[in-house]
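Asker: Got a structure for you, protein_10.txt, holding compact mmCIF, C-alpha atoms and all ligand atoms.
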# COMPACT_ATOMS: atom_id res chain seq x y z
CA MET Z 1 6.33 -13.01 3.73
CA GLY Z 2 4.17 -13.39 0.64
CA LYS Z 3 0.77 -11.77 0.56
CA SER Z 4 0.97 -9.98 3.90
CA GLN Z 5 4.18 -8.24 2.93
CA ALA Z 6 2.70 -7.17 -0.40
CA GLU Z 7 -0.25 -5.75 1.47
CA GLU Z 8 1.95 -3.92 3.94
CA LYS Z 9 3.94 -2.18 1.24
CA PRO Z 10 1.82 -1.29 -1.76
CA THR Z 11 3.77 0.70 -4.32
CA THR Z 12 2.36 3.04 -6.90
CA GLY Z 13 5.56 4.29 -8.51
CA LYS Z 14 4.46 7.83 -7.72
CA CYS Z 15 5.01 10.16 -4.82
CA PRO Z 16 2.61 13.08 -5.25
CA PRO Z 17 3.30 16.26 -3.28
CA LEU Z 18 0.71 16.78 -0.54
CA VAL Z 19 -0.23 19.69 1.73
CA MET Z 20 -2.42 18.84 4.72
CA ALA Z 21 -4.73 21.61 5.91
CA THR Z 22 -6.12 20.78 9.35
CA ASP Z 23 -7.59 22.18 12.55
CA LEU Z 24 -4.90 20.52 14.62
CA PHE Z 25 -4.84 22.15 18.03
CA ARG Z 26 -3.50 21.76 21.54
CA PRO Z 27 -5.61 21.35 23.60
CA HIS Z 28 -7.24 19.25 20.90
CA ASP Z 29 -10.51 19.86 19.15
CA ASP Z 30 -11.76 16.66 17.57
CA PRO Z 31 -8.73 14.34 17.92
CA ASP Z 32 -9.42 12.77 14.51
CA ASP Z 33 -7.05 15.40 13.08
CA HIS Z 34 -4.19 13.80 15.02
CA TRP Z 35 -5.10 10.45 13.51
CA ASP Z 36 -5.14 12.11 10.09
CA LEU Z 37 -1.75 13.70 10.74
CA ALA Z 38 -0.30 10.29 11.56
CA THR Z 39 -1.92 8.90 8.39
CA GLY Z 40 -0.28 11.57 6.23
CA TYR Z 41 3.09 10.91 7.87
CA ALA Z 42 2.68 7.15 7.41
CA LEU Z 43 2.13 7.65 3.68
CA ALA Z 44 5.08 10.04 3.51
CA PHE Z 45 7.31 7.69 5.51
CA ARG Z 46 6.58 4.94 2.99
CA GLY Z 47 7.33 7.23 0.06
CA LEU Z 48 3.73 7.17 -1.15
CA VAL Z 49 3.29 10.95 -0.82
CA ASP Z 50 5.74 13.84 -0.47
CA LEU Z 51 4.36 15.73 2.54
CA LYS Z 52 5.23 19.36 1.84
CA ALA Z 53 3.59 21.15 4.76
CA VAL Z 54 0.97 21.01 7.48
CA LEU Z 55 -1.25 24.09 7.22
CA ILE Z 56 -3.00 24.61 10.55
CA ASP Z 57 -6.09 26.77 10.97
CA PHE Z 58 -5.71 29.96 12.97
CA PRO Z 59 -7.38 29.27 16.35
CA ARG Z 60 -10.98 30.39 16.67
CA PRO Z 61 -11.56 33.58 18.71
CA ASN Z 62 -11.53 32.84 22.45
CA ALA Z 63 -10.70 29.18 21.86
CA ALA Z 64 -7.61 29.20 24.17
CA LYS Z 65 -5.86 26.83 21.79
CA ASP Z 66 -2.72 26.94 19.69
CA PRO Z 67 -1.81 25.16 16.46
CA ASP Z 68 -0.36 21.85 17.61
CA VAL Z 69 3.20 22.26 16.42
CA LEU Z 70 4.20 19.81 19.15
CA ALA Z 71 2.33 16.99 17.39
CA VAL Z 72 4.06 17.85 14.11
CA SER Z 73 7.44 17.92 15.88
CA GLN Z 74 6.72 14.49 17.33
CA MET Z 75 5.86 13.07 13.92
CA ASN Z 76 8.97 14.65 12.39
CA TYR Z 77 11.04 13.08 15.14
CA ILE Z 78 9.40 9.66 14.76
CA THR Z 79 9.79 9.57 10.98
CA GLY Z 80 12.96 11.61 10.42
CA LEU Z 81 11.04 13.85 8.04
CA LYS Z 82 11.14 17.64 8.25
CA VAL Z 83 7.68 18.84 7.42
CA PRO Z 84 7.07 22.54 8.13
CA VAL Z 85 4.01 24.12 9.74
CA ILE Z 86 2.15 27.05 8.21
CA VAL Z 87 -0.43 28.84 10.37
CA GLY Z 88 -3.51 30.07 8.53
CA SER Z 89 -5.41 33.32 8.50
CA PRO Z 90 -7.48 34.79 11.34
CA HIS Z 91 -9.69 36.58 8.83
CA PRO Z 92 -12.84 35.03 7.33
CA TYR Z 93 -12.88 34.40 3.59
CA ALA Z 94 -13.85 37.51 1.67
CA LYS Z 95 -15.07 37.32 -1.88
CA ASP Z 96 -13.63 40.71 -2.82
CA MET Z 97 -10.10 39.91 -1.64
CA THR Z 98 -7.46 40.73 -4.25
CA LEU Z 99 -3.78 40.11 -4.73
CA HIS Z 100 -3.03 43.75 -3.97
CA GLY Z 101 -5.22 43.94 -0.91
CA ASP Z 102 -3.89 42.59 2.33
CA GLU Z 103 -0.11 42.45 2.70
CA ALA Z 104 -0.27 40.43 5.90
CA THR Z 105 -2.47 37.81 4.25
CA LEU Z 106 -0.18 37.62 1.24
CA ARG Z 107 2.79 37.16 3.53
CA ARG Z 108 0.95 34.51 5.52
CA PHE Z 109 0.35 32.46 2.39
CA GLY Z 110 3.81 33.06 0.91
CA SER Z 111 5.07 29.64 2.01
CA LEU Z 112 2.08 27.88 0.48
CA PHE Z 113 2.50 29.78 -2.79
CA ARG Z 114 6.20 28.88 -2.90
CA ILE Z 115 5.38 25.20 -2.39
CA LEU Z 116 3.03 25.29 -5.37
CA GLU Z 117 5.37 27.40 -7.51
CA GLN Z 118 8.46 25.31 -6.83
CA SER Z 119 6.89 21.86 -7.10
CA PRO Z 120 7.61 20.25 -10.48
CA GLU Z 121 4.41 18.22 -10.06
CA PRO Z 122 1.03 19.78 -9.27
CA VAL Z 123 0.33 19.59 -5.53
CA ILE Z 124 -2.55 17.76 -3.82
CA ILE Z 125 -4.21 19.59 -0.93
CA SER Z 126 -6.26 17.88 1.75
CA VAL Z 127 -8.64 20.08 3.72
CA ALA Z 128 -9.77 18.60 7.04
CA GLY Z 129 -10.68 21.75 8.93
CA SER Z 130 -11.89 25.17 7.88
CA CYS Z 131 -11.95 25.91 4.15
CA ARG Z 132 -10.78 29.47 4.85
CA ASP Z 133 -7.11 29.23 3.99
CA ILE Z 134 -7.32 27.31 0.75
CA ALA Z 135 -10.30 29.36 -0.47
CA THR Z 136 -8.42 32.55 0.37
CA ALA Z 137 -5.13 31.43 -1.12
CA SER Z 138 -6.84 30.40 -4.33
CA LYS Z 139 -8.72 33.69 -4.46
CA LEU Z 140 -5.39 35.52 -4.24
CA ARG Z 141 -3.60 33.31 -6.80
CA PRO Z 142 -6.19 31.60 -9.05
CA ASP Z 143 -3.58 31.26 -11.81
CA LEU Z 144 -1.30 29.32 -9.49
CA PHE Z 145 -4.07 27.01 -8.33
CA ALA Z 146 -5.18 26.38 -11.92
CA ARG Z 147 -1.64 25.38 -12.90
CA LYS Z 148 -0.22 23.75 -9.82
CA CYS Z 149 -3.03 22.32 -7.69
CA ALA Z 150 -3.61 18.72 -8.77
CA ALA Z 151 -6.64 18.14 -6.57
CA ILE Z 152 -8.31 19.23 -3.38
CA TYR Z 153 -9.77 16.65 -1.02
CA LEU Z 154 -12.52 18.62 0.65
CA ASN Z 155 -13.67 17.07 3.92
CA ALA Z 156 -16.72 19.16 4.77
CA GLY Z 157 -20.45 19.31 4.59
CA ALA Z 158 -23.33 16.91 4.14
CA SER Z 159 -24.29 15.32 0.83
CA ARG Z 160 -28.07 15.17 1.12
CA PRO Z 161 -29.37 18.62 1.99
CA SER Z 162 -32.57 18.74 3.94
CA VAL Z 163 -34.41 21.34 5.91
CA SER Z 164 -32.69 20.16 9.05
CA GLN Z 165 -29.22 20.58 7.56
CA LYS Z 166 -29.92 24.15 6.64
CA ASP Z 167 -30.35 24.76 10.34
CA GLY Z 168 -27.40 22.72 11.49
CA MET Z 169 -24.28 23.06 9.38
CA GLU Z 170 -21.52 20.48 9.56
CA TRP Z 171 -18.62 21.70 11.74
CA ASN Z 172 -16.06 22.44 9.01
CA VAL Z 173 -18.71 24.34 7.05
CA ARG Z 174 -19.71 26.32 10.11
CA LEU Z 175 -16.10 27.44 10.63
CA ASP Z 176 -16.33 29.60 7.49
CA PRO Z 177 -19.44 28.99 5.35
CA ALA Z 178 -18.45 31.46 2.61
CA ALA Z 179 -15.10 29.71 2.24
CA TYR Z 180 -16.85 26.34 1.96
CA HIS Z 181 -18.94 27.57 -0.94
CA ALA Z 182 -15.93 29.19 -2.56
CA MET Z 183 -14.21 25.79 -2.71
CA PHE Z 184 -16.68 24.63 -5.34
CA GLU Z 185 -15.58 27.54 -7.55
CA LEU Z 186 -11.86 26.75 -7.46
CA PRO Z 187 -10.04 26.23 -10.78
CA CYS Z 188 -8.84 22.72 -9.93
CA PRO Z 189 -10.34 19.26 -9.40
CA ILE Z 190 -12.37 18.96 -6.21
CA TYR Z 191 -12.80 15.59 -4.54
CA TRP Z 192 -15.68 16.34 -2.21
CA MET Z 193 -15.81 14.15 0.87
CA PRO Z 194 -19.07 14.97 2.66
CA CYS Z 195 -18.78 14.03 6.32
CA PHE Z 196 -22.41 12.88 6.47
CA GLU Z 197 -25.47 12.51 4.35
CA ASP Z 198 -27.60 13.96 7.16
CA VAL Z 199 -25.53 15.99 9.58
CA ARG Z 200 -27.64 14.74 12.52
CA LYS Z 201 -26.78 11.10 11.88
CA PHE Z 202 -23.33 9.78 12.72
CA GLN Z 203 -23.65 6.67 10.57
CA VAL Z 204 -22.14 5.02 7.53
CA ALA Z 205 -23.98 6.10 4.40
CA GLU Z 206 -23.49 5.96 0.64
CA TYR Z 207 -22.34 9.54 0.06
CA ALA Z 208 -20.49 10.16 3.34
CA THR Z 209 -17.03 9.44 4.69
CA TYR Z 210 -17.93 8.78 8.33
CA PHE Z 211 -16.75 5.64 10.08
CA GLN Z 212 -15.85 4.79 13.65
CA PHE Z 213 -13.50 2.37 15.34
CA GLN Z 214 -12.39 1.48 18.82
CA GLN Z 215 -8.99 3.05 19.43
CA GLY Z 216 -7.63 -0.05 21.15
CA GLU Z 217 -7.97 -2.03 17.91
CA ILE Z 218 -5.20 0.10 16.44
CA LEU Z 219 -3.29 1.38 19.47
CA SER Z 220 -2.48 -2.16 20.57
CA GLN Z 221 -0.68 -2.84 17.29
CA VAL Z 222 1.35 0.31 16.60
CA SER Z 223 4.81 1.20 17.86
CA PRO Z 224 5.29 2.60 21.39
CA SER Z 225 6.31 5.94 19.84
CA VAL Z 226 3.10 6.18 17.86
CA ARG Z 227 1.06 5.17 20.92
CA LYS Z 228 2.73 7.93 22.92
CA PHE Z 229 2.05 10.40 20.10
CA PHE Z 230 -1.66 9.66 20.52
CA ALA Z 231 -1.46 9.54 24.33
CA TYR Z 232 0.11 13.00 24.30
CA VAL Z 233 -3.03 14.31 22.61
CA PHE Z 234 -5.15 13.02 25.46
CA GLU Z 235 -2.76 13.63 28.34
CA LYS Z 236 -4.87 15.33 30.99
CA ASP Z 237 -2.23 15.81 33.66
CA HIS Z 238 -0.31 18.60 32.04
CA PRO Z 239 0.07 21.74 34.10
CA GLN Z 240 -1.60 24.84 32.79
CA PRO Z 241 -0.33 26.29 30.55
CA PRO Z 242 0.51 22.94 28.94
CA ALA Z 243 4.17 21.97 29.06
CA ALA Z 244 6.00 21.78 25.73
CA ASP Z 245 7.57 18.45 26.68
CA TRP Z 246 6.91 16.81 23.32
CA LEU Z 247 10.26 15.00 23.08
CA ARG Z 248 10.57 14.04 26.75
CA TYR Z 249 7.08 12.55 26.49
CA LEU Z 250 8.04 10.43 23.47
CA LEU Z 251 11.14 9.16 25.22
CA ALA Z 252 9.45 8.46 28.56
CA GLU Z 253 7.66 5.30 29.74
CA GLU Z 254 4.16 4.82 28.41
CA ASN Z 255 1.26 6.02 30.56
CA GLU Z 256 -0.49 2.66 30.93
CA PRO Z 257 -3.65 3.84 32.73
CA LEU Z 258 -4.19 6.51 30.11
CA LEU Z 259 -3.61 4.04 27.28
CA SER Z 260 -6.09 1.60 28.82
CA ALA Z 261 -8.71 4.32 28.98
CA MET Z 262 -7.92 5.43 25.42
CA ALA Z 263 -8.24 1.88 24.13
CA GLN Z 264 -11.86 1.78 25.30
CA GLU Z 265 -12.79 4.99 23.50
CA ARG Z 266 -14.29 5.03 20.05
CA ARG Z 267 -13.00 7.46 17.45
CA ASN Z 268 -15.08 9.10 14.75
CA MET Z 269 -13.21 9.37 11.45
CA TRP Z 270 -13.84 11.03 8.10
CA CYS Z 271 -10.74 11.85 6.07
CA THR Z 272 -8.83 8.56 5.78
CA GLY Z 273 -10.15 7.62 2.34
CA GLY Z 274 -8.96 10.87 0.81
CA PHE Z 275 -5.36 10.34 1.87
CA ILE Z 276 -5.43 6.80 0.53
CA HIS Z 277 -6.89 7.97 -2.80
CA ALA Z 278 -4.40 10.85 -3.01
CA ALA Z 279 -1.57 8.34 -2.66
CA GLY Z 280 -2.88 6.35 -5.62
CA LEU Z 281 -4.19 3.52 -3.47
CA MET Z 282 -7.58 2.00 -2.73
CA VAL Z 283 -9.09 -0.24 -0.05
CA THR Z 284 -10.53 -3.64 -0.92
CA PRO Z 285 -13.63 -4.98 0.89
CA GLU Z 286 -11.22 -7.09 2.97
CA GLY Z 287 -9.34 -3.94 4.01
CA GLU Z 288 -6.24 -4.48 1.90
CA LEU Z 289 -4.41 -1.41 0.63
CA VAL Z 290 -3.65 -1.93 -3.04
CA PRO Z 291 -2.73 0.31 -5.97
CA ALA Z 292 -5.77 2.08 -7.41
CA ASN Z 293 -5.08 0.60 -10.85
CA SER Z 294 -4.97 -2.98 -9.59
CA GLY Z 295 -8.43 -3.80 -10.93
CA ARG Z 296 -9.65 -4.97 -7.50
CA SER Z 297 -13.03 -4.00 -6.08
CA ALA Z 298 -12.98 -1.16 -3.54
CA VAL Z 299 -15.10 -0.10 -0.56
CA PHE Z 300 -15.20 3.49 -1.78
CA GLU Z 301 -14.82 5.40 -5.01
CA PHE Z 302 -15.16 8.93 -6.36
CA VAL Z 303 -17.87 9.59 -8.94
CA PRO Z 304 -18.19 12.69 -11.14
CA ILE Z 305 -20.88 15.19 -10.24
CA THR Z 306 -22.24 18.54 -11.29
CA VAL Z 307 -22.87 21.02 -8.50
CA THR Z 308 -26.24 22.64 -9.11
CA LYS Z 309 -26.51 24.92 -6.10
CA SER Z 310 -24.15 26.08 -3.36
CA GLU Z 311 -25.41 28.51 -0.74
CA GLY Z 312 -26.51 28.80 2.86
CA GLY Z 313 -24.27 25.94 3.96
CA VAL Z 314 -25.95 23.56 1.52
CA VAL Z 315 -24.46 22.10 -1.65
CA GLU Z 316 -26.80 20.40 -4.12
CA TRP Z 317 -25.49 18.17 -6.86
CA GLN Z 318 -26.36 15.55 -9.43
CA PRO Z 319 -24.34 12.83 -11.12
CA GLY Z 320 -22.58 14.01 -14.24
CA GLU Z 321 -19.20 14.60 -15.88
CA GLY Z 322 -17.55 17.79 -16.93
CA GLU Z 323 -16.61 20.11 -14.08
CA GLN Z 324 -13.78 18.22 -12.42
CA ARG Z 325 -16.00 17.71 -9.41
CA PHE Z 326 -16.21 14.31 -7.75
CA ILE Z 327 -18.02 12.97 -4.72
CA PHE Z 328 -16.94 10.24 -2.30
CA ARG Z 329 -19.16 7.18 -2.54
CA VAL Z 330 -19.15 4.14 -0.27
CA THR Z 331 -19.66 1.11 -2.53
CA ASP Z 332 -20.02 -1.45 0.27
CA GLN Z 333 -21.60 0.00 3.40
CA GLN Z 334 -21.45 -3.31 5.30
CA ARG Z 335 -17.72 -3.68 4.87
CA TYR Z 336 -16.64 -0.03 4.80
CA THR Z 337 -15.93 0.38 8.53
CA PRO Z 338 -13.91 -2.81 9.09
CA ALA Z 339 -12.08 -2.31 5.80
CA MET Z 340 -11.14 1.30 6.57
CA THR Z 341 -10.09 0.42 10.11
CA ARG Z 342 -7.79 -2.31 8.81
CA ALA Z 343 -6.36 0.00 6.13
CA LEU Z 344 -5.69 2.67 8.75
CA LEU Z 345 -3.98 0.09 10.95
CA THR Z 346 -1.83 -1.07 8.03
CA LEU Z 347 -0.70 2.49 7.41
CA LEU Z 348 -0.01 3.39 11.04
CA ARG Z 349 1.88 0.16 11.68
CA ALA Z 350 4.38 1.32 9.08
CA LEU Z 351 5.48 4.12 11.39
CA PRO Z 352 8.53 3.27 13.50
CA CA Z 401 -10.68 18.43 11.45
Any chance you could put this one into structure tokens?
Ligand SMILES: [Ca+2]

Answerer:
Amino acid sequence: MGKSQAEEKPTTGKCPPLVMATDLFRPHDDPDDHWDLATGYALAFRGLVDLKAVLIDFPRPNAAKDPDVLAVSQMNYITGLKVPVIVGSPHPYAKDMTLHGDEATLRRFGSLFRILEQSPEPVIISVAGSCRDIATASKLRPDLFARKCAAIYLNAGASRPSVSQKDGMEWNVRLDPAAYHAMFELPCPIYWMPCFEDVRKFQVAEYATYFQFQQGEILSQVSPSVRKFFAYVFEKDHPQPPAADWLRYLLAEENEPLLSAMAQERRNMWCTGGFIHAAGLMVTPEGELVPANSGRSAVFEFVPITVTKSEGGVVEWQPGEGEQRFIFRVTDQQRYTPAMTRALLTLLRALP
């Protein structure tokens, strides 16, 4: 199949261990986390990452939501993988937390610590929700994170602080601002992926991950199982409390009216580039997924920075080497959205 086959199956020769931290809920919050979950599974299914766990935020107080273990079960069923779920902490990040402090918190993070301890290779962690759990876990075991955390992809915040952003924090920052700031102190490389430059503007920008696509562009070209995985997120007809019919739903006929409505909706996305970079890949301006060391031009990159200030929900920075801190940079703003949409499609089409 020549070029198209090469594009569909880029190989890197590596399979880095990955933990996905996410605010993946049912009923859903922002459904982009379900798209990210499918992205992580697509990379794992292809052998491009070793997906060790999905770490789901503890639901916000009074949110009437649960961690969406049903979505994870669906993805495990679709792929044949067996990725476990860890549920995070209900307690805000506390700077004075110690290893000997809170037994329940230590127990809660035991699975995460074991993943890091037992992995021969340092583990990559993607954070696409609150920063609470990773900031807390690292506070409890800084030695472990220094040795065994290869990188953290931090999807939070805005890259160009202004007066307005001090008043309106980006969502993931707002979930636990102290934890967000603590991330920039962690003893491991941080790949910062600001969601926006200006939090008020949902638009493609140089130092921001945001892009948007029409769901139908991708849903029309993935497998029926993957379509039903996404439809299950949006299924409005479930009785209350929602039925746990995750397998019956996957095996049933597709809900065509729902899929038609979903196809017309646009989806805001942020985290896709981090997963691709974590897997040792990059996206060309044409939207091809190729190994990062292929020498091709890319629509995004990470550039080294120095963080100069981090408080009040605002992180200030300047270009510069030395602290293992990097920021996401869009190199081609015109082609970023179509390229990322095509790359996402390429990944999700790999799922059976
Ligand atoms: Ca999220």

Asker: Find the residues near ligand CA 401 (chain Z). Use a cut-off of 7 Å, count all atoms listed in the file, and write them as an mmCIF file with C-alpha atoms, keeping the file's coordinate frame.

Answerer:
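Result saved to selection_28.cif:
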data_model
loop_
_atom_site.group_PDB
_atom_site.id
_atom_site.type_symbol
_atom_site.label_atom_id
_atom_site.label_comp_id
_atom_site.auth_asym_id
_atom_site.auth_seq_id
_atom_site.Cartn_x
_atom_site.Cartn_y
_atom_site.Cartn_z
ATOM 1 C CA THR Z 22 -6.120 20.780 9.350
ATOM 2 C CA ASP Z 23 -7.590 22.180 12.550
ATOM 3 C CA LEU Z 24 -4.900 20.520 14.620
ATOM 4 C CA ASP Z 30 -11.760 16.660 17.570
ATOM 5 C CA ASP Z 32 -9.420 12.770 14.510
ATOM 6 C CA ASP Z 33 -7.050 15.400 13.080
ATOM 7 C CA ALA Z 128 -9.770 18.600 7.040
ATOM 8 C CA GLY Z 129 -10.680 21.750 8.930
#

Asker: Choose the residue, out of Z:Arg60, Z:Thr272, Z:Pro189, Z:Cys15, that has the smallest atom-to-atom separation from Z:Arg174; count all atoms listed in the file.

Answerer: Z:Arg60

Asker: Using all atoms listed in the file, collect all residues at a distance of at most 6 Å from (0.7, 29.4, 16.2) as written in the file, then present them as a list in words.

Answerer: Asp66, Pro67 and Val87 of chain Z

Asker: Quick check, in Å to one decimal: how far apart do atom CA of Z:Pro27 and atom CA of Z:Lys65 lie?

Answerer: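 About the pair atom CA of Z:Pro27 and atom CA of Z:Lys65: they are 5.8 Å apart.
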
Asker: In Å, how far is it from atom CA of Z:Trp192 to atom CA of Z:Glu288?

Answerer: 23.2 Å

Asker: From the list Z:Met97, Z:Leu175, Z:Ser73, Z:Arg26, which residue is nearest Z:Pro61 when using only C-alpha atoms?

Answerer: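 Nearest to Z:Pro61: Z:Leu175.
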
Asker: Excluding Z:Pro187 and its own-chain neighbours fewer than 3 positions away, which residues fall within 8 Å of it when counting only C-alpha atoms? Please give them as a count of residues only.

Answerer: 3
